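Structure first, commentary second.
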Amino acid sequence: MILNLIKEKIAKTFNIEESLFVYPPNNKLGDISLPLFSLAKEREESPNSLALKIKEGVLSSDVFIDIFERIEVVGPYLNFFINKKYLISETVKSVVDSPQNLFHNNFGAQKKVVFEYSNANTHKEIHIGHLRNIVLGDSLVKIYLANGFDAHPVSFINDFGINTAKTVWFYKNKKEKNIGLCYSQAVAELEKNSDINKEVGEIMSDIEKRHGENYKLWQETKDLSLLDFKKVYDILDVDFEKTYFESDLIDEGLEIVDDYLKRGIFKKSEGAIIADLEDYKLGVLPVIRSNGTALYPVADLALANRKFQDFSGLKKSFLVVDVRQSLHFKQLFKVLELAGYQNDFTHLSYDFVKLPEGMMSSRSGNAVSFEFLFEKIVERLSQESKKRHEDWSDDKILENSHKLAVAILKFEMLKISPNKIITFDIEEALRFEGFNALYIIYSLVRMKSILRKADFDFSFADLDRLLINLKEDLEKNICLNILKFSDVIVGAGKDNDPSEIAKYLFSFVQLFNDYYQRVNILKAEEETMRARLVLIKSCIVLIENAFSLLGIKTNIEEI
RNA sequence: GUCCCUGUAGUUCAAUGGAUAGAACAUCAGCCUUCUAAGCUGAAUAUCUAGGUUCGAUUCCUAGCGGGGACACCA
């Protein structure tokens, strides 16, 4: 890639660490820059005189003769201005000819990794907290794939807890068919009348024994719940290679517990079975309740096993789970380590989604369900579309609004760093201005519309000759930013943070909109027009690639 | 009490230890006979406090203050 090649060349020639290069805060200062503080210290020289020396060296070397327009020394900084023609033509050609070189690297060396996410509970509704999890996991898998990892998405579904029994109880007694509503309403009933707990306990016991009427109802409600999940996954266009169920893992987990008990990793305490991790300052992990029933870690232990069985050669297992379970995972990983696991487990935590009025939970029933939010956004988008396109059919409006709503929701969840709480304000989300997927899609659709109107056949374009016509500073700046995308992909992977892609994408489109406003494309002189069309095509490829790393599809032609 | 995260503009978020701390929303002032104005331009406004490390700290360290979370039978 061009920027890396340039940095590498300079670094090699002058024996400098390649990582010392930075991008200047604004493009008036240069395209790439080398701050010389540390190097000057090492070489016992003043940064400024060292900068001047290197500058002379670069200028006198014929390797760099066509690459740089000029080189400036500003105090301790050495600022390189890349030749405009060279930068533009190299960039556009590589986007058009070999985009995989720009949008894909082999940083991960095909290391096999698994991402476990969307660890939803059946018998509960999917709310916007889960949405963050699903969208984050999906995006991370895509970013890791782009970084050359062999990444696989799996999901672990919790279908066996006491919450399922509560839902069954409500379903059975109140004839409520909407499973999502059953749980929160059951919790409310239980609070009013604690006698119900006994019934719920009996239901749970039947479920665990796997027979009788209650077990049947459990299966029935589970299936209904899974249908609801499927609906959401389809809307969000996410898919898992494997889905693990707690109910399938529990027996294997119990065997492991026995084994660990024998090996002294677990012990009995106060009637329960625990892992005592006080020595590691990790407190105590309860595994089996004093009444003999299994707790969450039992399934986790079995799942750790399964994943390495199912994905042979697996090097690393990522678990995308809410930050509130950090301690739990530290404990679990410590237990696995004590049991002799050599494998690498990493908890990718993210903070929760709260409402402006406070915390959200499916227990209290104040959660904003995915379905509700999605419909609300579709509705608002449809209203707007109708205003703009009186000639569009209702079907077309609805279809477009659906696509947009998915993009908007995903972007809302991903544009903020995972370790920040998202305060989800529905009014804010319905405003569609500024740092928002709609802004980007709107611009993208305008770009596509220009290409449609131009009706230009790219396959016959003689790029070398054509690109000479791109003479604007903005055109160079756009190309420079296209090139920076490679670094963004690597960074987002290293930091496990898709928001870096979202932020980059937004600022890139801002830059393009500036260009769009200032420069005429279809009205430009013939050759300039064609060159600009090729540039726009490159921008479209970039934007669609960036969006795809966020799991956002861009199959929208009009808006 | 212990541990984890966090504190930047009126609000929501940015800023690999580096140059003039950036956006978006809201506010104010402008731009549609012109490739889709869900757009663009301009104005105004900010690093919790005190120390330390460093040539250089919003960033790293220590302490304090504020916010959130987790800490044995929830997941």
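Each chain in the structure tokens gets a letter, A, B and so on, in the order shown; residues start at 1 in every chain, and ligands are counted from 1 in the order they appear.
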Expected answer as a short mmCIF file (atom, residue, chain, number, x, y, z; two decimals) with C-alpha atoms, in the first residue's frame: alpha helix (DSSP H) residues in segment 277-360 of chain A:
```
data_model
loop_
_atom_site.label_atom_id
_atom_site.label_comp_id
_atom_site.auth_asym_id
_atom_site.auth_seq_id
_atom_site.Cartn_x
_atom_site.Cartn_y
_atom_site.Cartn_z
CA TYR A 296 -24.36 -20.45 35.07
CA PRO A 297 -20.65 -21.48 35.19
CA VAL A 298 -21.58 -25.15 34.77
CA ALA A 299 -22.64 -24.58 31.19
CA ASP A 300 -19.70 -22.24 30.64
CA LEU A 301 -17.24 -24.99 31.53
CA ALA A 302 -18.79 -27.38 29.07
CA LEU A 303 -18.98 -24.70 26.41
CA ALA A 304 -15.27 -23.95 26.72
CA ASN A 305 -14.67 -27.61 25.94
CA ARG A 306 -17.11 -27.79 23.08
CA LYS A 307 -15.78 -24.81 21.22
CA PHE A 308 -12.31 -26.28 21.03
CA GLN A 309 -13.77 -29.61 19.92
CA ASP A 310 -15.95 -28.08 17.24
CA SER A 326 -16.16 -9.01 34.04
CA LEU A 327 -15.55 -10.60 37.41
CA HIS A 328 -17.47 -13.69 36.43
CA PHE A 329 -15.24 -14.20 33.41
CA LYS A 330 -12.04 -13.51 35.30
CA GLN A 331 -13.13 -16.22 37.70
CA LEU A 332 -14.12 -18.60 34.95
CA PHE A 333 -10.87 -18.12 33.05
CA LYS A 334 -8.89 -18.66 36.23
CA VAL A 335 -10.74 -21.94 36.84
CA LEU A 336 -10.02 -23.05 33.28
CA GLU A 337 -6.39 -22.14 33.75
CA LEU A 338 -6.22 -24.13 37.00
#
```
Who sits within 8 Å of segment 27-31 of chain B, only C-alpha atoms (C1' of nucleotides), same chain under 4 positions skipped, as a PDB file with C-alpha atoms (C1' of nucleotides), in the first residue's frame:
```
ATOM      1  C1'   C B  40     -23.216  22.968   2.638  1.00  0.00           C
ATOM      2  C1'   U B  41     -20.693  27.602   4.790  1.00  0.00           C
ATOM      3  C1'   G B  42     -19.713  30.842   8.970  1.00  0.00           C
ATOM      4  C1'   A B  43     -20.012  32.491  14.479  1.00  0.00           C
TER       5        A B  43
END
```
Hey, which bits of chain A sit within 6 Å of chain B, and for each residue what's the closest pair of atoms and how far apart in Å (one decimal), counting only C-alpha atoms (C1' of nucleotides), rows by chain and increasing number, as CSV?
```
residue,atom,partner,partner_atom,distance
A:Pro286,CA,B:A72,C1',5.6
A:Arg289,CA,B:C73,C1',4.7
A:Arg324,CA,B:A70,C1',6.0
A:Gly434,CA,B:A24,C1',5.2
A:Phe435,CA,B:A24,C1',5.4
A:Ile450,CA,B:C35,C1',5.7
A:Leu522,CA,B:C35,C1',5.8
```
So that I have them on file, write out the residues from the current selection with C-alpha atoms, as a short mmCIF file (atom, residue, chain, number, x, y, z; two decimals), in the first residue's frame.
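Final output, again_16.cif:
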```
data_model
loop_
_atom_site.label_atom_id
_atom_site.label_comp_id
_atom_site.auth_asym_id
_atom_site.auth_seq_id
_atom_site.Cartn_x
_atom_site.Cartn_y
_atom_site.Cartn_z
CA PRO A 286 -20.48 -20.41 43.16
CA ARG A 289 -26.48 -24.11 44.57
CA ARG A 324 -21.00 -6.30 34.42
CA GLY A 434 -25.24 14.69 11.84
CA PHE A 435 -23.16 11.72 12.96
CA ILE A 450 -24.37 10.80 -10.38
CA LEU A 522 -21.48 16.23 -14.68
#
```
> Counting only C-alpha atoms (C1' of nucleotides), what is within 9 Å of Arg263 of chain A, bar same-chain residues fewer than 4 positions away, as a PyMOL selection string?
Replying inline: chain A and resi 258-259+339
Next, the residues of the selection above should be written as a PDB file, in the first residue's frame with N, CA and C atoms.
```pdb
ATOM      1  N   ASP A 258     -17.888 -32.527  38.765  1.00  0.00           N
ATOM      2  CA  ASP A 258     -17.449 -33.680  39.559  1.00  0.00           C
ATOM      3  C   ASP A 258     -15.936 -33.857  39.481  1.00  0.00           C
ATOM      4  N   ASP A 259     -15.470 -33.777  38.254  1.00  0.00           N
ATOM      5  CA  ASP A 259     -14.043 -33.955  38.017  1.00  0.00           C
ATOM      6  C   ASP A 259     -13.234 -32.892  38.773  1.00  0.00           C
ATOM      7  N   ALA A 339      -7.460 -25.716  35.660  1.00  0.00           N
ATOM      8  CA  ALA A 339      -7.786 -27.054  35.169  1.00  0.00           C
ATOM      9  C   ALA A 339      -6.830 -27.484  34.070  1.00  0.00           C
TER      10      ALA A 339
END
```
>> Could you list, as an MDAnalysis selection string, every residue within 6 Å of segment 267-274 of chain A, counting only C-alpha atoms (C1' of nucleotides) and ignoring same-chain residues fewer than 2 positions away?
In response: chainID A and resid 261 285:290
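Atom pair atom CA of Ala186 of chain A / atom CA of Ile207 of chain A has a distance of 17.3 Å (rounded to one decimal).
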> Which polymer residues have any atom within 12 Å of an atom of Asp237 of chain A, counting only C-alpha atoms (C1' of nucleotides), with same-chain residues fewer than 2 positions away left out, as a list in words?
Replying inline: Ile134, Val135, Asp138, Ser139, Phe229, Lys230, Lys231, Val232, Tyr233, Asp234, Ile235, Asp239, Phe240, Lys403, Val406, Ala407, Lys410, Ser548, Leu550, Gly551, Ile552 and Lys553 of chain A
Could you write out that same residue set with C-alpha atoms as a PDB file, in the first residue's frame?
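Contents of out_0.pdb, as written:
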```
ATOM      1  CA  ILE A 134     -25.400  -8.569  18.479  1.00  0.00           C
ATOM      2  CA  VAL A 135     -24.289  -5.697  16.313  1.00  0.00           C
ATOM      3  CA  ASP A 138     -21.156  -9.175  14.136  1.00  0.00           C
ATOM      4  CA  SER A 139     -18.979  -6.187  13.337  1.00  0.00           C
ATOM      5  CA  PHE A 229     -34.823 -14.376  17.878  1.00  0.00           C
ATOM      6  CA  LYS A 230     -34.764 -15.597  14.297  1.00  0.00           C
ATOM      7  CA  LYS A 231     -36.926 -12.685  13.256  1.00  0.00           C
ATOM      8  CA  VAL A 232     -34.495 -10.222  14.788  1.00  0.00           C
ATOM      9  CA  TYR A 233     -31.438 -11.994  13.361  1.00  0.00           C
ATOM     10  CA  ASP A 234     -33.031 -11.915   9.915  1.00  0.00           C
ATOM     11  CA  ILE A 235     -33.746  -8.221  10.156  1.00  0.00           C
ATOM     12  CA  ASP A 239     -25.977 -15.569  11.314  1.00  0.00           C
ATOM     13  CA  PHE A 240     -24.093 -18.008  13.530  1.00  0.00           C
ATOM     14  CA  LYS A 403     -33.150  -0.991   4.947  1.00  0.00           C
ATOM     15  CA  VAL A 406     -31.366  -1.397  10.045  1.00  0.00           C
ATOM     16  CA  ALA A 407     -28.408   0.724   8.989  1.00  0.00           C
ATOM     17  CA  LYS A 410     -26.500  -0.628  13.751  1.00  0.00           C
ATOM     18  CA  SER A 548     -19.672  -3.768   5.424  1.00  0.00           C
ATOM     19  CA  LEU A 550     -20.036  -2.519  10.478  1.00  0.00           C
ATOM     20  CA  GLY A 551     -22.383  -5.161   9.129  1.00  0.00           C
ATOM     21  CA  ILE A 552     -24.312  -2.543   7.203  1.00  0.00           C
ATOM     22  CA  LYS A 553     -25.555  -3.292   3.721  1.00  0.00           C
TER      23      LYS A 553
END
```
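Between atom CA of Asn4 of chain A and atom CA of Asp62 of chain A the separation is 18.7 Å.
Atom pair atom CA of Ile88 of chain A / atom CA of Asp487 of chain A: separated by 18.2 Å.
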> Can you list, as a PyMOL selection string, every residue of segment 132-328 of chain A that DSSP puts in strand (DSSP E)?
Replying inline: chain A and resi 150-157+242-245+267-269+272-276+284-288+316-322
Could those selected residues go to a file with N, CA and C atoms, as a compact mmCIF listing (two decimals), in the first residue's frame?
```
# COMPACT_ATOMS: atom_id res chain seq x y z
N ASP A 150 -9.10 -16.03 10.82
CA ASP A 150 -10.11 -17.00 10.43
C ASP A 150 -11.17 -16.97 11.54
N ALA A 151 -12.11 -16.05 11.40
CA ALA A 151 -13.04 -15.76 12.50
C ALA A 151 -14.40 -16.43 12.30
N HIS A 152 -14.93 -16.97 13.39
CA HIS A 152 -16.20 -17.68 13.33
C HIS A 152 -17.17 -17.19 14.40
N PRO A 153 -18.39 -16.87 14.01
CA PRO A 153 -19.38 -16.43 14.99
C PRO A 153 -20.17 -17.60 15.57
N VAL A 154 -20.28 -17.63 16.88
CA VAL A 154 -21.17 -18.61 17.51
C VAL A 154 -22.02 -17.91 18.55
N SER A 155 -23.09 -18.57 18.92
CA SER A 155 -23.93 -17.97 19.95
C SER A 155 -24.28 -19.00 21.00
N PHE A 156 -24.41 -18.53 22.20
CA PHE A 156 -24.73 -19.39 23.32
C PHE A 156 -26.06 -18.91 23.89
N ILE A 157 -27.01 -19.81 23.89
CA ILE A 157 -28.35 -19.38 24.32
C ILE A 157 -28.70 -20.01 25.65
N LYS A 242 -22.62 -21.79 14.73
CA LYS A 242 -23.10 -22.76 15.70
C LYS A 242 -23.88 -22.04 16.78
N THR A 243 -24.91 -22.71 17.25
CA THR A 243 -25.66 -22.18 18.37
C THR A 243 -25.63 -23.21 19.48
N TYR A 244 -25.14 -22.81 20.62
CA TYR A 244 -25.07 -23.71 21.76
C TYR A 244 -26.19 -23.38 22.74
N PHE A 245 -26.82 -24.43 23.28
CA PHE A 245 -27.88 -24.22 24.26
C PHE A 245 -27.43 -24.70 25.63
N LYS A 267 -14.68 -26.87 45.63
CA LYS A 267 -14.89 -27.48 46.93
C LYS A 267 -16.29 -27.19 47.42
N LYS A 268 -16.70 -27.96 48.44
CA LYS A 268 -18.02 -27.72 49.02
C LYS A 268 -17.90 -26.66 50.09
N SER A 269 -18.89 -25.78 50.13
CA SER A 269 -18.88 -24.73 51.13
C SER A 269 -20.30 -24.25 51.36
N ALA A 272 -23.01 -25.50 49.19
CA ALA A 272 -22.88 -25.28 47.75
C ALA A 272 -21.52 -25.76 47.26
N ILE A 273 -21.37 -25.80 45.93
CA ILE A 273 -20.05 -26.09 45.37
C ILE A 273 -19.50 -24.80 44.77
N ILE A 274 -18.28 -24.51 45.16
CA ILE A 274 -17.69 -23.23 44.73
C ILE A 274 -16.25 -23.42 44.26
N ALA A 275 -15.77 -22.41 43.57
CA ALA A 275 -14.33 -22.31 43.34
C ALA A 275 -13.85 -21.20 44.25
N ASP A 276 -12.95 -21.53 45.15
CA ASP A 276 -12.42 -20.52 46.06
C ASP A 276 -11.20 -19.86 45.40
N VAL A 284 -15.06 -15.63 45.27
CA VAL A 284 -15.60 -16.97 45.25
C VAL A 284 -16.56 -17.10 44.07
N LEU A 285 -16.43 -18.20 43.34
CA LEU A 285 -17.36 -18.45 42.23
C LEU A 285 -18.28 -19.61 42.61
N PRO A 286 -19.54 -19.33 42.87
CA PRO A 286 -20.48 -20.41 43.16
C PRO A 286 -20.86 -21.14 41.87
N VAL A 287 -20.84 -22.47 41.95
CA VAL A 287 -21.06 -23.28 40.74
C VAL A 287 -22.35 -24.08 40.84
N ILE A 288 -22.54 -24.70 42.01
CA ILE A 288 -23.77 -25.47 42.26
C ILE A 288 -24.44 -24.90 43.52
N LYS A 316 -8.09 -18.90 19.81
CA LYS A 316 -8.57 -17.90 20.74
C LYS A 316 -10.08 -17.84 20.73
N SER A 317 -10.64 -17.69 21.89
CA SER A 317 -12.09 -17.61 21.99
C SER A 317 -12.49 -16.28 22.62
N PHE A 318 -13.19 -15.48 21.85
CA PHE A 318 -13.65 -14.18 22.37
C PHE A 318 -15.09 -14.31 22.86
N LEU A 319 -15.35 -13.70 23.99
CA LEU A 319 -16.72 -13.69 24.50
C LEU A 319 -17.18 -12.25 24.59
N VAL A 320 -18.13 -11.92 23.77
CA VAL A 320 -18.66 -10.56 23.77
C VAL A 320 -19.82 -10.50 24.76
N VAL A 321 -19.52 -9.97 25.93
CA VAL A 321 -20.53 -9.95 26.99
C VAL A 321 -20.41 -8.64 27.77
N ASP A 322 -21.54 -8.18 28.23
CA ASP A 322 -21.68 -7.00 29.08
C ASP A 322 -20.58 -6.88 30.16
```
List the neighbours of G51 of chain B out to 12 Å using only C-alpha atoms (C1' of nucleotides); skip same-chain residues closer than 5 positions along the sequence, and give me the result as an mmCIF file with N, CA and C atoms (P, O5', C5', C4', C3', O3' and C1' of nucleotides), in the first residue's frame.
```cif
data_model
loop_
_atom_site.group_PDB
_atom_site.id
_atom_site.type_symbol
_atom_site.label_atom_id
_atom_site.label_comp_id
_atom_site.auth_asym_id
_atom_site.auth_seq_id
_atom_site.Cartn_x
_atom_site.Cartn_y
_atom_site.Cartn_z
ATOM 1 P P C B 61 -1.844 5.094 34.410
ATOM 2 O "O5'" C B 61 -0.783 5.544 35.511
ATOM 3 C "C5'" C B 61 0.347 4.734 35.811
ATOM 4 C "C4'" C B 61 1.120 5.357 36.959
ATOM 5 C "C3'" C B 61 0.273 5.726 38.164
ATOM 6 O "O3'" C B 61 0.083 4.629 39.023
ATOM 7 C "C1'" C B 61 1.659 7.556 37.588
ATOM 8 P P U B 62 -1.257 4.546 39.897
ATOM 9 O "O5'" U B 62 -0.977 5.654 41.016
ATOM 10 C "C5'" U B 62 0.060 5.472 41.972
ATOM 11 C "C4'" U B 62 0.087 6.643 42.918
ATOM 12 C "C3'" U B 62 -1.253 7.039 43.509
ATOM 13 O "O3'" U B 62 -1.642 6.222 44.594
ATOM 14 C "C1'" U B 62 -0.113 8.973 42.779
ATOM 15 P P A B 63 -3.204 5.997 44.878
ATOM 16 O "O5'" A B 63 -3.614 7.413 45.493
ATOM 17 C "C5'" A B 63 -3.138 7.808 46.781
ATOM 18 C "C4'" A B 63 -3.527 9.243 47.060
ATOM 19 C "C3'" A B 63 -5.011 9.548 46.979
ATOM 20 O "O3'" A B 63 -5.713 9.156 48.138
ATOM 21 C "C1'" A B 63 -3.807 11.208 45.821
ATOM 22 P P G B 64 -7.246 8.742 48.010
ATOM 23 O "O5'" G B 64 -7.949 10.148 47.761
ATOM 24 C "C5'" G B 64 -7.999 11.119 48.813
ATOM 25 C "C4'" G B 64 -8.482 12.439 48.283
ATOM 26 C "C3'" G B 64 -9.899 12.429 47.731
ATOM 27 O "O3'" G B 64 -10.881 12.498 48.751
ATOM 28 C "C1'" G B 64 -8.480 13.585 46.236
#
```
> Which residues, written as a list of chain:residue names, have at least one atom at most 9 Å from Phe456 of chain A, with only C-alpha atoms (C1' of nucleotides) counted and residues fewer than 5 positions away on the same chain left out?
Replying inline: A:Leu451, A:Arg530, A:Leu533
Since we have the selection now, will you write its residues out, keeping N, CA and C atoms, as a PDB file, in the first residue's frame?
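Listed below is the output, result.pdb:
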```pdb
ATOM      1  N   LEU A 451     -23.362   8.662 -10.901  1.00  0.00           N
ATOM      2  CA  LEU A 451     -22.829   7.647 -11.822  1.00  0.00           C
ATOM      3  C   LEU A 451     -23.915   7.146 -12.770  1.00  0.00           C
ATOM      4  N   ARG A 530     -14.992  12.663 -16.553  1.00  0.00           N
ATOM      5  CA  ARG A 530     -14.727  11.219 -16.504  1.00  0.00           C
ATOM      6  C   ARG A 530     -13.783  10.865 -15.364  1.00  0.00           C
ATOM      7  N   LEU A 533     -15.653  10.981 -12.214  1.00  0.00           N
ATOM      8  CA  LEU A 533     -16.539   9.825 -12.064  1.00  0.00           C
ATOM      9  C   LEU A 533     -15.763   8.624 -11.527  1.00  0.00           C
TER      10      LEU A 533
END
```
